[in-house]
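What follows is work21.pdb (PDB, C-alpha atoms (C1' of nucleotides)).
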ATOM      1  CA  MET A   1       5.354  26.235 -47.073
ATOM      2  CA  PHE A   2       1.696  25.568 -46.496
ATOM      3  CA  PHE A   3      -1.215  25.469 -48.872
ATOM      4  CA  TYR A   4      -4.914  25.618 -48.452
ATOM      5  CA  GLN A   5      -7.567  24.741 -50.923
ATOM      6  CA  PHE A   6     -10.592  26.783 -51.804
ATOM      7  CA  ASN A   7     -12.937  26.355 -54.751
ATOM      8  CA  ASP A   8     -10.615  24.240 -56.855
ATOM      9  CA  LYS A   9      -7.824  26.750 -56.449
ATOM     10  CA  TYR A  10      -4.810  26.563 -54.205
ATOM     11  CA  SER A  11      -3.527  29.590 -52.404
ATOM     12  CA  LEU A  12      -0.090  29.735 -50.924
ATOM     13  CA  MET A  13       0.344  30.331 -47.245
ATOM     14  CA  THR A  14       3.928  31.432 -46.860
ATOM     15  CA  ALA A  15       4.147  30.321 -43.243
ATOM     16  CA  GLU A  16       2.259  28.212 -40.786
ATOM     17  CA  PRO A  17      -0.678  30.164 -39.362
ATOM     18  CA  ARG A  18      -0.089  31.568 -35.881
ATOM     19  CA  SER A  19      -3.390  30.121 -34.730
ATOM     20  CA  GLY A  20      -6.827  29.265 -36.082
ATOM     21  CA  CYS A  21      -8.123  32.670 -35.046
ATOM     22  CA  PRO A  22      -9.823  34.473 -37.931
ATOM     23  CA  ILE A  23      -8.347  37.818 -36.831
ATOM     24  CA  ALA A  24      -4.785  36.515 -36.686
ATOM     25  CA  ASN A  25      -5.249  34.788 -40.048
ATOM     26  CA  SER A  26      -6.651  37.944 -41.655
ATOM     27  CA  LEU A  27      -3.760  39.950 -40.277
ATOM     28  CA  ASP A  28      -1.266  37.486 -41.707
ATOM     29  CA  LEU A  29      -2.633  38.416 -45.149
ATOM     30  CA  VAL A  30      -3.551  42.094 -44.846
ATOM     31  CA  GLY A  31      -1.999  43.189 -41.538
ATOM     32  CA  ASP A  32       0.457  45.854 -42.611
ATOM     33  CA  ARG A  33       0.401  49.531 -43.458
ATOM     34  CA  TRP A  34       0.170  49.165 -47.262
ATOM     35  CA  THR A  35      -1.847  46.157 -48.405
ATOM     36  CA  LEU A  36      -5.264  47.605 -47.662
ATOM     37  CA  VAL A  37      -4.454  50.933 -49.295
ATOM     38  CA  ILE A  38      -3.771  49.009 -52.516
ATOM     39  CA  VAL A  39      -7.008  47.075 -51.996
ATOM     40  CA  ARG A  40      -8.819  50.383 -51.447
ATOM     41  CA  ASP A  41      -7.478  51.642 -54.796
ATOM     42  CA  MET A  42      -8.552  48.441 -56.533
ATOM     43  CA  LEU A  43     -12.020  48.702 -54.980
ATOM     44  CA  ASN A  44     -12.099  52.163 -56.537
ATOM     45  CA  GLY A  45     -11.316  50.778 -59.971
ATOM     46  CA  LYS A  46      -7.565  51.300 -60.173
ATOM     47  CA  LYS A  47      -5.798  48.504 -62.009
ATOM     48  CA  ARG A  48      -2.367  49.620 -63.066
ATOM     49  CA  TYR A  49       0.988  49.948 -61.407
ATOM     50  CA  SER A  50       1.240  53.632 -62.270
ATOM     51  CA  GLU A  51      -2.243  54.320 -60.894
ATOM     52  CA  PHE A  52      -1.314  52.852 -57.511
ATOM     53  CA  LEU A  53       1.820  54.998 -57.445
ATOM     54  CA  GLU A  54      -0.273  58.144 -57.899
ATOM     55  CA  SER A  55      -2.192  57.688 -54.643
ATOM     56  CA  PRO A  56      -1.563  60.364 -52.037
ATOM     57  CA  GLU A  57       0.183  57.986 -49.605
ATOM     58  CA  ARG A  58       3.092  57.730 -52.062
ATOM     59  CA  ILE A  59       3.893  54.066 -51.879
ATOM     60  CA  THR A  60       7.378  53.297 -53.156
ATOM     61  CA  THR A  61       7.919  51.093 -56.199
ATOM     62  CA  ASN A  62       9.641  48.252 -54.373
ATOM     63  CA  ILE A  63       6.898  47.956 -51.720
ATOM     64  CA  LEU A  64       4.195  48.119 -54.391
ATOM     65  CA  ALA A  65       5.827  45.353 -56.451
ATOM     66  CA  ASP A  66       6.247  43.249 -53.307
ATOM     67  CA  ARG A  67       2.630  43.695 -52.177
ATOM     68  CA  LEU A  68       1.190  43.043 -55.626
ATOM     69  CA  SER A  69       2.996  39.727 -55.757
ATOM     70  CA  LYS A  70       1.986  38.807 -52.207
ATOM     71  CA  LEU A  71      -1.636  39.725 -52.925
ATOM     72  CA  GLU A  72      -1.576  37.465 -55.954
ATOM     73  CA  ARG A  73       0.059  34.588 -54.086
ATOM     74  CA  SER A  74      -2.580  34.878 -51.348
ATOM     75  CA  GLY A  75      -5.369  34.701 -53.914
ATOM     76  CA  LEU A  76      -6.665  38.225 -53.342
ATOM     77  CA  THR A  77      -5.836  39.550 -56.803
ATOM     78  CA  THR A  78      -5.190  38.394 -60.332
ATOM     79  CA  LYS A  79      -2.650  39.703 -62.815
ATOM     80  CA  THR A  80      -3.768  39.712 -66.425
ATOM     81  CA  LEU A  81      -1.875  40.691 -69.548
ATOM     82  CA  TYR A  82      -3.695  43.451 -71.375
ATOM     83  CA  GLN A  83      -0.937  44.350 -73.816
ATOM     84  CA  SER A  84       1.806  42.107 -75.116
ATOM     85  CA  ARG A  85       4.632  44.361 -76.348
ATOM     86  CA  PRO A  86       5.767  45.701 -74.001
ATOM     87  CA  LYS A  87       4.131  43.334 -71.562
ATOM     88  CA  ARG A  88       1.644  45.159 -69.380
ATOM     89  CA  TYR A  89      -0.550  43.728 -66.684
ATOM     90  CA  GLU A  90      -3.708  44.756 -64.938
ATOM     91  CA  TYR A  91      -4.209  43.885 -61.315
ATOM     92  CA  GLU A  92      -7.724  43.120 -60.191
ATOM     93  CA  LEU A  93      -9.382  41.814 -57.064
ATOM     94  CA  THR A  94     -10.644  38.265 -56.978
ATOM     95  CA  GLU A  95     -13.919  37.521 -55.228
ATOM     96  CA  MET A  96     -11.884  36.947 -52.074
ATOM     97  CA  GLY A  97     -10.204  40.325 -52.435
ATOM     98  CA  ASP A  98     -13.404  42.146 -53.271
ATOM     99  CA  ALA A  99     -14.955  40.610 -50.160
ATOM    100  CA  LEU A 100     -12.604  42.777 -48.074
ATOM    101  CA  LEU A 101     -14.985  45.676 -48.830
ATOM    102  CA  PRO A 102     -16.908  45.413 -45.526
ATOM    103  CA  ILE A 103     -13.630  45.568 -43.584
ATOM    104  CA  VAL A 104     -12.544  48.635 -45.541
ATOM    105  CA  GLN A 105     -15.948  50.259 -45.023
ATOM    106  CA  ALA A 106     -15.828  49.548 -41.286
ATOM    107  CA  MET A 107     -12.388  51.186 -41.115
ATOM    108  CA  CYS A 108     -13.737  54.241 -42.925
ATOM    109  CA  ARG A 109     -16.607  54.555 -40.457
ATOM    110  CA  TRP A 110     -14.279  54.148 -37.505
ATOM    111  CA  ALA A 111     -11.724  56.670 -38.738
ATOM    112  CA  ASN A 112     -14.400  59.223 -39.637
ATOM    113  CA  GLU A 113     -15.788  58.898 -36.136
ATOM    114  CA  TYR A 114     -12.541  58.911 -34.169
ATOM    115  CA  ILE A 115      -9.760  60.460 -36.233
ATOM    116  CA  PRO A 116     -10.488  64.119 -36.900
ATOM    117  CA  GLY A 117      -9.889  65.407 -40.387
ATOM    118  CA  THR A 118     -10.279  62.118 -42.241
ATOM    119  CA  TRP A 119     -12.035  62.290 -45.585
ATOM    120  CA  VAL A 120     -15.563  60.944 -45.861
ATOM    121  CA  ALA A 121     -15.962  58.385 -48.635
ATOM    122  CA  PRO A 122     -18.872  58.834 -51.062
ATOM    123  CA  LYS A 123     -22.154  57.225 -50.061
ATOM    124  CA  THR A 124     -21.981  54.997 -53.149
ATOM    125  CA  PHE A 125     -18.784  53.489 -51.768
ATOM    126  CA  MET A 126     -20.033  53.161 -48.212
ATOM    127  CA  THR A 127     -23.246  51.373 -49.171
ATOM    128  CA  ARG A 128     -21.795  49.121 -51.859
ATOM    129  CA  LYS A 129     -21.971  45.355 -51.445
ATOM    130  CA  PRO A 130     -19.211  42.912 -52.402
ATOM    131  CA  ILE A 131     -19.690  41.131 -55.729
ATOM    132  CA  SER A 132     -19.914  37.802 -53.925
ATOM    133  CA  THR A 133     -23.405  36.410 -54.107
ATOM    134  CA  LYS A 134     -22.862  34.383 -50.967
ATOM    135  CA  ARG A 135     -24.544  35.030 -47.588
TER
ATOM    136  CA  MET B   1       5.159  65.296 -33.430
ATOM    137  CA  PHE B   2       1.517  65.957 -34.212
ATOM    138  CA  PHE B   3      -1.505  66.037 -31.982
ATOM    139  CA  TYR B   4      -5.185  65.926 -32.570
ATOM    140  CA  GLN B   5      -7.943  66.789 -30.223
ATOM    141  CA  PHE B   6     -11.044  64.767 -29.549
ATOM    142  CA  ASN B   7     -13.533  65.153 -26.704
ATOM    143  CA  ASP B   8     -11.314  67.287 -24.491
ATOM    144  CA  LYS B   9      -8.501  64.781 -24.743
ATOM    145  CA  TYR B  10      -5.375  64.934 -26.859
ATOM    146  CA  SER B  11      -4.021  61.911 -28.565
ATOM    147  CA  LEU B  12      -0.529  61.766 -29.875
ATOM    148  CA  MET B  13       0.077  61.193 -33.533
ATOM    149  CA  THR B  14       3.671  60.053 -33.738
ATOM    150  CA  ALA B  15       4.081  61.130 -37.341
ATOM    151  CA  GLU B  16       2.336  63.235 -39.915
ATOM    152  CA  PRO B  17      -0.517  61.303 -41.511
ATOM    153  CA  ARG B  18       0.250  59.898 -44.952
ATOM    154  CA  SER B  19      -2.976  61.369 -46.278
ATOM    155  CA  GLY B  20      -6.483  62.258 -45.101
ATOM    156  CA  CYS B  21      -7.746  58.858 -46.229
ATOM    157  CA  PRO B  22      -9.606  57.061 -43.441
ATOM    158  CA  ILE B  23      -8.090  53.710 -44.454
ATOM    159  CA  ALA B  24      -4.525  54.991 -44.407
ATOM    160  CA  ASN B  25      -5.155  56.718 -41.073
ATOM    161  CA  SER B  26      -6.665  53.582 -39.550
ATOM    162  CA  LEU B  27      -3.720  51.548 -40.770
ATOM    163  CA  ASP B  28      -1.285  53.995 -39.208
ATOM    164  CA  LEU B  29      -2.842  53.071 -35.855
ATOM    165  CA  VAL B  30      -3.756  49.405 -36.198
ATOM    166  CA  GLY B  31      -2.046  48.286 -39.414
ATOM    167  CA  ASP B  32       0.335  45.633 -38.211
ATOM    168  CA  ARG B  33       0.220  41.933 -37.361
ATOM    169  CA  TRP B  34      -0.214  42.317 -33.586
ATOM    170  CA  THR B  35      -2.270  45.334 -32.558
ATOM    171  CA  LEU B  36      -5.662  43.899 -33.488
ATOM    172  CA  VAL B  37      -4.950  40.576 -31.801
ATOM    173  CA  ILE B  38      -4.435  42.500 -28.552
ATOM    174  CA  VAL B  39      -7.631  44.460 -29.247
ATOM    175  CA  ARG B  40      -9.418  41.157 -29.882
ATOM    176  CA  ASP B  41      -8.275  39.891 -26.475
ATOM    177  CA  MET B  42      -9.427  43.091 -24.797
ATOM    178  CA  LEU B  43     -12.805  42.855 -26.530
ATOM    179  CA  ASN B  44     -12.996  39.402 -24.981
ATOM    180  CA  GLY B  45     -12.377  40.778 -21.513
ATOM    181  CA  LYS B  46      -8.652  40.233 -21.109
ATOM    182  CA  LYS B  47      -6.966  43.013 -19.188
ATOM    183  CA  ARG B  48      -3.594  41.890 -17.938
ATOM    184  CA  TYR B  49      -0.157  41.542 -19.410
ATOM    185  CA  SER B  50       0.005  37.851 -18.544
ATOM    186  CA  GLU B  51      -3.394  37.178 -20.097
ATOM    187  CA  PHE B  52      -2.265  38.647 -23.414
ATOM    188  CA  LEU B  53       0.845  36.474 -23.320
ATOM    189  CA  GLU B  54      -1.282  33.340 -22.969
ATOM    190  CA  SER B  55      -3.015  33.800 -26.325
ATOM    191  CA  PRO B  56      -2.260  31.115 -28.897
ATOM    192  CA  GLU B  57      -0.382  33.506 -31.231
ATOM    193  CA  ARG B  58       2.389  33.711 -28.621
ATOM    194  CA  ILE B  59       3.208  37.394 -28.767
ATOM    195  CA  THR B  60       6.633  38.145 -27.304
ATOM    196  CA  THR B  61       7.024  40.351 -24.237
ATOM    197  CA  ASN B  62       8.853  43.189 -25.989
ATOM    198  CA  ILE B  63       6.275  43.477 -28.779
ATOM    199  CA  LEU B  64       3.433  43.336 -26.248
ATOM    200  CA  ALA B  65       4.961  46.111 -24.114
ATOM    201  CA  ASP B  66       5.561  48.199 -27.231
ATOM    202  CA  ARG B  67       2.016  47.761 -28.565
ATOM    203  CA  LEU B  68       0.402  48.430 -25.190
ATOM    204  CA  SER B  69       2.213  51.749 -24.959
ATOM    205  CA  LYS B  70       1.401  52.661 -28.567
ATOM    206  CA  LEU B  71      -2.255  51.766 -28.037
ATOM    207  CA  GLU B  72      -2.352  54.016 -25.009
ATOM    208  CA  ARG B  73      -0.600  56.886 -26.786
ATOM    209  CA  SER B  74      -3.088  56.620 -29.655
ATOM    210  CA  GLY B  75      -6.011  56.817 -27.251
ATOM    211  CA  LEU B  76      -7.299  53.302 -27.897
ATOM    212  CA  THR B  77      -6.666  51.972 -24.398
ATOM    213  CA  THR B  78      -6.204  53.123 -20.833
ATOM    214  CA  LYS B  79      -3.825  51.797 -18.225
ATOM    215  CA  THR B  80      -5.143  51.805 -14.674
ATOM    216  CA  LEU B  81      -3.447  50.832 -11.442
ATOM    217  CA  TYR B  82      -5.402  48.083  -9.723
ATOM    218  CA  GLN B  83      -2.798  47.169  -7.115
ATOM    219  CA  SER B  84      -0.132  49.395  -5.658
ATOM    220  CA  ARG B  85       2.605  47.137  -4.287
ATOM    221  CA  PRO B  86       3.856  45.762  -6.550
ATOM    222  CA  LYS B  87       2.387  48.144  -9.101
ATOM    223  CA  ARG B  88       0.030  46.333 -11.402
ATOM    224  CA  TYR B  89      -1.964  47.764 -14.225
ATOM    225  CA  GLU B  90      -5.021  46.758 -16.143
ATOM    226  CA  TYR B  91      -5.323  47.624 -19.793
ATOM    227  CA  GLU B  92      -8.768  48.423 -21.106
ATOM    228  CA  LEU B  93     -10.246  49.735 -24.320
ATOM    229  CA  THR B  94     -11.471  53.299 -24.466
ATOM    230  CA  GLU B  95     -14.642  54.054 -26.391
ATOM    231  CA  MET B  96     -12.440  54.624 -29.431
ATOM    232  CA  GLY B  97     -10.783  51.238 -28.979
ATOM    233  CA  ASP B  98     -14.041  49.434 -28.315
ATOM    234  CA  ALA B  99     -15.422  50.975 -31.509
ATOM    235  CA  LEU B 100     -12.979  48.777 -33.454
ATOM    236  CA  LEU B 101     -15.415  45.899 -32.829
ATOM    237  CA  PRO B 102     -17.153  46.185 -36.233
ATOM    238  CA  ILE B 103     -13.776  46.007 -37.995
ATOM    239  CA  VAL B 104     -12.818  42.930 -35.987
ATOM    240  CA  GLN B 105     -16.203  41.327 -36.682
ATOM    241  CA  ALA B 106     -15.873  42.035 -40.411
ATOM    242  CA  MET B 107     -12.439  40.384 -40.392
ATOM    243  CA  CYS B 108     -13.909  37.336 -38.657
ATOM    244  CA  ARG B 109     -16.633  37.034 -41.272
ATOM    245  CA  TRP B 110     -14.148  37.431 -44.092
ATOM    246  CA  ALA B 111     -11.678  34.893 -42.720
ATOM    247  CA  ASN B 112     -14.415  32.351 -41.972
ATOM    248  CA  GLU B 113     -15.624  32.682 -45.542
ATOM    249  CA  TYR B 114     -12.282  32.644 -47.336
ATOM    250  CA  ILE B 115      -9.635  31.079 -45.127
ATOM    251  CA  PRO B 116     -10.419  27.417 -44.493
ATOM    252  CA  GLY B 117     -10.002  26.150 -40.969
ATOM    253  CA  THR B 118     -10.471  29.436 -39.141
ATOM    254  CA  TRP B 119     -12.405  29.278 -35.905
ATOM    255  CA  VAL B 120     -15.930  30.640 -35.826
ATOM    256  CA  ALA B 121     -16.463  33.204 -33.071
ATOM    257  CA  PRO B 122     -19.492  32.765 -30.799
ATOM    258  CA  LYS B 123     -22.702  34.395 -31.977
ATOM    259  CA  THR B 124     -22.687  36.627 -28.891
ATOM    260  CA  PHE B 125     -19.414  38.106 -30.102
ATOM    261  CA  MET B 126     -20.464  38.449 -33.718
ATOM    262  CA  THR B 127     -23.709  40.248 -32.931
ATOM    263  CA  ARG B 128     -22.402  42.500 -30.187
ATOM    264  CA  LYS B 129     -22.537  46.269 -30.592
ATOM    265  CA  PRO B 130     -19.820  48.689 -29.501
ATOM    266  CA  ILE B 131     -20.466  50.487 -26.199
ATOM    267  CA  SER B 132     -20.564  53.832 -28.001
ATOM    268  CA  THR B 133     -24.017  55.314 -27.932
ATOM    269  CA  LYS B 134     -23.293  57.344 -31.047
ATOM    270  CA  ARG B 135     -24.863  56.762 -34.462
TER
ATOM    271  C1'  DC C   1      17.313  57.427 -87.575
ATOM    272  C1'  DG C   2      18.253  59.229 -83.010
ATOM    273  C1'  DC C   3      16.854  60.531 -78.714
ATOM    274  C1'  DA C   4      13.880  62.050 -74.902
ATOM    275  C1'  DG C   5      10.115  60.172 -72.332
ATOM    276  C1'  DT C   6       7.076  56.688 -70.104
ATOM    277  C1'  DC C   7       6.028  52.484 -67.851
ATOM    278  C1'  DA C   8       6.938  48.776 -64.880
ATOM    279  C1'  DC C   9       9.816  47.194 -62.447
ATOM    280  C1'  DT C  10      14.624  45.707 -59.894
ATOM    281  C1'  DT C  11      18.659  46.658 -57.153
ATOM    282  C1'  DG C  12      21.421  48.564 -53.426
ATOM    283  C1'  DC C  13      21.716  50.185 -49.081
ATOM    284  C1'  DA C  14      20.791  52.467 -44.629
ATOM    285  C1'  DA C  15      17.396  52.700 -41.038
ATOM    286  C1'  DT C  16      13.741  50.756 -38.566
ATOM    287  C1'  DT C  17      11.147  46.896 -36.745
ATOM    288  C1'  DT C  18      10.735  42.121 -35.464
ATOM    289  C1'  DG C  19      11.608  37.833 -33.110
ATOM    290  C1'  DC C  20      14.042  35.342 -29.763
ATOM    291  C1'  DA C  21      16.333  34.818 -25.464
ATOM    292  C1'  DA C  22      17.881  36.233 -21.275
ATOM    293  C1'  DG C  23      17.899  39.394 -17.459
ATOM    294  C1'  DT C  24      15.775  42.456 -13.790
ATOM    295  C1'  DG C  25      13.126  44.229  -9.857
ATOM    296  C1'  DA C  26       9.377  43.928  -6.819
ATOM    297  C1'  DC C  27       7.163  41.494  -4.476
ATOM    298  C1'  DT C  28       4.430  36.745  -2.348
ATOM    299  C1'  DG C  29       3.856  32.280  -0.111
ATOM    300  C1'  DG C  30       5.806  28.466   2.200
TER
ATOM    301  C1'  DC D   1      15.365  32.548   3.202
ATOM    302  C1'  DC D   2      14.384  31.062  -1.093
ATOM    303  C1'  DA D   3      11.722  29.569  -5.098
ATOM    304  C1'  DG D   4       8.213  31.426  -7.940
ATOM    305  C1'  DT D   5       5.337  34.859 -10.349
ATOM    306  C1'  DC D   6       4.442  39.004 -12.664
ATOM    307  C1'  DA D   7       5.564  42.719 -15.607
ATOM    308  C1'  DC D   8       8.573  44.268 -17.875
ATOM    309  C1'  DT D   9      13.526  45.730 -20.165
ATOM    310  C1'  DT D  10      17.702  44.749 -22.683
ATOM    311  C1'  DG D  11      20.663  42.828 -26.279
ATOM    312  C1'  DC D  12      21.187  41.224 -30.608
ATOM    313  C1'  DA D  13      20.522  38.892 -35.134
ATOM    314  C1'  DA D  14      17.298  38.714 -38.886
ATOM    315  C1'  DA D  15      13.741  40.605 -41.619
ATOM    316  C1'  DT D  16      11.288  44.463 -43.453
ATOM    317  C1'  DT D  17      10.940  49.287 -44.839
ATOM    318  C1'  DG D  18      12.026  53.599 -47.077
ATOM    319  C1'  DC D  19      14.659  56.041 -50.267
ATOM    320  C1'  DA D  20      17.197  56.601 -54.424
ATOM    321  C1'  DA D  21      18.959  55.181 -58.516
ATOM    322  C1'  DG D  22      19.165  52.017 -62.349
ATOM    323  C1'  DT D  23      17.214  48.977 -66.132
ATOM    324  C1'  DG D  24      14.770  47.241 -70.240
ATOM    325  C1'  DA D  25      11.214  47.635 -73.478
ATOM    326  C1'  DC D  26       9.173  50.117 -75.878
ATOM    327  C1'  DT D  27       6.545  55.049 -78.054
ATOM    328  C1'  DG D  28       6.367  59.494 -80.222
ATOM    329  C1'  DC D  29       8.594  63.371 -82.169
ATOM    330  C1'  DG D  30      11.854  66.003 -85.106
TER
END
Here is a file; write its structure as structure tokens.
Amino acid sequence: MFFYQFNDKYSLMTAEPRSGCPIANSLDLVGDRWTLVIVRDMLNGKKRYSEFLESPERITTNILADRLSKLERSGLTTKTLYQSRPKRYEYELTEMGDALLPIVQAMCRWANEYIPGTWVAPKTFMTRKPISTKR
Amino acid sequence: MFFYQFNDKYSLMTAEPRSGCPIANSLDLVGDRWTLVIVRDMLNGKKRYSEFLESPERITTNILADRLSKLERSGLTTKTLYQSRPKRYEYELTEMGDALLPIVQAMCRWANEYIPGTWVAPKTFMTRKPISTKR
DNA sequence: CGCAGTCACTTGCAATTTGCAAGTGACTGG
DNA sequence: CCAGTCACTTGCAAATTGCAAGTGACTGCG
């Protein structure tokens, strides 16, 4: 297991990075068919397990549970208790997770241009900036 | 099998799309740990099988062959004969593939900001525009 | 009080995909 | 003729995915 430090917090890297390449490293965290659809939902304000299940891609419960825990371990989301009996959690993007917005927006632009029939996201979404105050 | 038409060419969709969402559709084409590292290499001018194998992520030959054929079937790359005996091909990005540049650049920016130790791409790469004359 | 319903998961299992290694065929250069 | 390179393909074990069903902790209703 490998760890890296960022802003007083430690995030878990579950394996040694394949290289120092920023693309390869990004893909090790979000390079699969489901992670970014969950991130997309979170960027659109969804927070609960059941809300993610309602999305049109029909993610299955085991994959959702797996990705939510991986997202948390990578430092992209937080899990907070909002109700104690029965225990219920809300999943929200951290600054690091929210900063994926430009990648998601670029994918939307690309798909709208090259994959016929893809939905066009609202202008408010496409022009939004990440919460991060940096850069 | 499903097909879609774009600019007089047909690209093969190997399965029904999960939804009309541009993110989900993008991920169905490039949502895995290897495809975008090959695209990255092509954006950097690499064209041959052996060049892709030399990259530090050490892609294996079977995965490379599989991804090159999927990329071609999705319309992101072309395969052209540059030598006839023995037959040798060069793999190059189509306009659609080259248009992935903004996504790749956004991933670089994100990784450089949030994943310590990632390499910083040269400014020439980060400020480049896709060949597409559109938009 | 009992029981159906919801929510958030977990478990089991078959099918697909991945990673690793070795093998193949068509040459090329010495 | 023979080693070497290039571009793959094949075989196989291990990991991941997709699908379905099950579980535990409640809530609301009659």
Counting only C-alpha atoms (C1' of nucleotides), what is within 10 Å of D:DT17, bar same-chain residues fewer than 5 positions away, as a PDB file with C-alpha atoms (C1' of nucleotides), in the frame of the given file?
ATOM      1  CA  THR A  60       7.378  53.297 -53.156  1.00  0.00           C
ATOM      2  CA  ASN A  62       9.641  48.252 -54.373  1.00  0.00           C
ATOM      3  CA  ILE A  63       6.898  47.956 -51.720  1.00  0.00           C
TER       4      ILE A  63
ATOM      5  C1'  DA C  15      17.396  52.700 -41.038  1.00  0.00           C
ATOM      6  C1'  DT C  16      13.741  50.756 -38.566  1.00  0.00           C
ATOM      7  C1'  DT C  17      11.147  46.896 -36.745  1.00  0.00           C
TER       8       DT C  17
END
Could you give me, as a tab-separated table, a per-residue list for chain D showing, wherever an atom lies at most 8 Å from an atom of chain A, the closest pair of atoms and their distance in Å to one decimal, using all atoms listed in the file and sorting by chain then residue number from low to high?
residue	atom	partner	partner_atom	distance
D:DG18	C1'	A:Thr60	CA	7.7
D:DA25	C1'	A:Pro86	CA	5.8
D:DC26	C1'	A:Pro86	CA	5.9
Exercise. Given the file shown, enumerate the residues that the PyMOL selection byres ((chain D and resi 5) around 10) captures and present them as a count of residues only.
Key: 6
Practice problem: List the residues matched by the PyMOL selection byres ((chain A and resi 72) around 10) in the displayed structure as a VMD selection string, ordered by chain and then by residue number. | Solution: chain A and resid 11 to 12 67 to 71 73 to 79 91 to 94 97
May I have the selected residues written with C-alpha atoms, as an mmCIF file, in the frame of the given file?
data_model
loop_
_atom_site.group_PDB
_atom_site.id
_atom_site.type_symbol
_atom_site.label_atom_id
_atom_site.label_comp_id
_atom_site.auth_asym_id
_atom_site.auth_seq_id
_atom_site.Cartn_x
_atom_site.Cartn_y
_atom_site.Cartn_z
ATOM 1 C CA SER A 11 -3.527 29.590 -52.404
ATOM 2 C CA LEU A 12 -0.090 29.735 -50.924
ATOM 3 C CA ARG A 67 2.630 43.695 -52.177
ATOM 4 C CA LEU A 68 1.190 43.043 -55.626
ATOM 5 C CA SER A 69 2.996 39.727 -55.757
ATOM 6 C CA LYS A 70 1.986 38.807 -52.207
ATOM 7 C CA LEU A 71 -1.636 39.725 -52.925
ATOM 8 C CA ARG A 73 0.059 34.588 -54.086
ATOM 9 C CA SER A 74 -2.580 34.878 -51.348
ATOM 10 C CA GLY A 75 -5.369 34.701 -53.914
ATOM 11 C CA LEU A 76 -6.665 38.225 -53.342
ATOM 12 C CA THR A 77 -5.836 39.550 -56.803
ATOM 13 C CA THR A 78 -5.190 38.394 -60.332
ATOM 14 C CA LYS A 79 -2.650 39.703 -62.815
ATOM 15 C CA TYR A 91 -4.209 43.885 -61.315
ATOM 16 C CA GLU A 92 -7.724 43.120 -60.191
ATOM 17 C CA LEU A 93 -9.382 41.814 -57.064
ATOM 18 C CA THR A 94 -10.644 38.265 -56.978
ATOM 19 C CA GLY A 97 -10.204 40.325 -52.435
#
Could you write out as a CSV table (one decimal) with C-alpha atoms (C1' of nucleotides), in the frame of the given file the residues that the PyMOL selection byres ((chain A and resi 53) around 12) matches in the shown file?
chain,number,residue,atom,x,y,z
A,34,TRP,CA,0.2,49.2,-47.3
A,37,VAL,CA,-4.5,50.9,-49.3
A,38,ILE,CA,-3.8,49.0,-52.5
A,41,ASP,CA,-7.5,51.6,-54.8
A,46,LYS,CA,-7.6,51.3,-60.2
A,47,LYS,CA,-5.8,48.5,-62.0
A,48,ARG,CA,-2.4,49.6,-63.1
A,49,TYR,CA,1.0,49.9,-61.4
A,50,SER,CA,1.2,53.6,-62.3
A,51,GLU,CA,-2.2,54.3,-60.9
A,52,PHE,CA,-1.3,52.9,-57.5
A,54,GLU,CA,-0.3,58.1,-57.9
A,55,SER,CA,-2.2,57.7,-54.6
A,56,PRO,CA,-1.6,60.4,-52.0
A,57,GLU,CA,0.2,58.0,-49.6
A,58,ARG,CA,3.1,57.7,-52.1
A,59,ILE,CA,3.9,54.1,-51.9
A,60,THR,CA,7.4,53.3,-53.2
A,61,THR,CA,7.9,51.1,-56.2
A,62,ASN,CA,9.6,48.3,-54.4
A,63,ILE,CA,6.9,48.0,-51.7
A,64,LEU,CA,4.2,48.1,-54.4
A,65,ALA,CA,5.8,45.4,-56.5
C,7,DC,C1',6.0,52.5,-67.9
C,8,DA,C1',6.9,48.8,-64.9
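Interatomic distance, atom CA of A:Glu113 against atom CA of B:Asp98: 12.4 Å.
Atom CA of A:Leu100 is found 18.3 Å from atom CA of B:Gly117.
Restricting the calculation to all atoms listed in the file, the smallest distance between C:DG5 and any of D:DC12, D:DC29, D:DA20, D:DC1 is found for D:DC29.
Between atom C1' of D:DG30 and atom CA of A:Ser84 lies a distance of 27.8 Å.
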Quiz prompt | Interface, chain C side, toward chain B (9 Å; all atoms listed in the file) as JSON, numbers by chain | solution = {"C": [18, 19, 20, 26, 27]}
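In this comparison, which uses all atoms listed in the file, the residue of A:Leu29, A:Tyr82, A:Glu90, A:Trp119 approaching chain B most closely is A:Trp119.
Nearest residue to A:Arg128, choosing from A:Ile115, A:Leu81, A:Leu27, A:Leu43 and counting all atoms listed in the file: A:Leu43.
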Since the input has fewer atoms than a full residue there, write stretch 25-30 of chain B out with N, CA and C atoms, as a tab-separated table (two decimals), in the frame of the given file.
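Heads up, here's the output in part.tsv:
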chain	number	residue	atom	x	y	z
B	25	ASN	N	-5.24	56.28	-42.47
B	25	ASN	CA	-5.16	56.72	-41.07
B	25	ASN	C	-5.43	55.59	-40.10
B	26	SER	N	-6.40	54.74	-40.41
B	26	SER	CA	-6.66	53.58	-39.55
B	26	SER	C	-5.45	52.68	-39.52
B	27	LEU	N	-4.88	52.44	-40.69
B	27	LEU	CA	-3.72	51.55	-40.77
B	27	LEU	C	-2.51	52.10	-40.03
B	28	ASP	N	-2.39	53.43	-39.97
B	28	ASP	CA	-1.28	54.00	-39.21
B	28	ASP	C	-1.43	53.68	-37.72
B	29	LEU	N	-2.64	53.42	-37.27
B	29	LEU	CA	-2.84	53.07	-35.85
B	29	LEU	C	-2.92	51.57	-35.59
B	30	VAL	N	-3.57	50.84	-36.46
B	30	VAL	CA	-3.76	49.40	-36.20
B	30	VAL	C	-3.27	48.51	-37.34
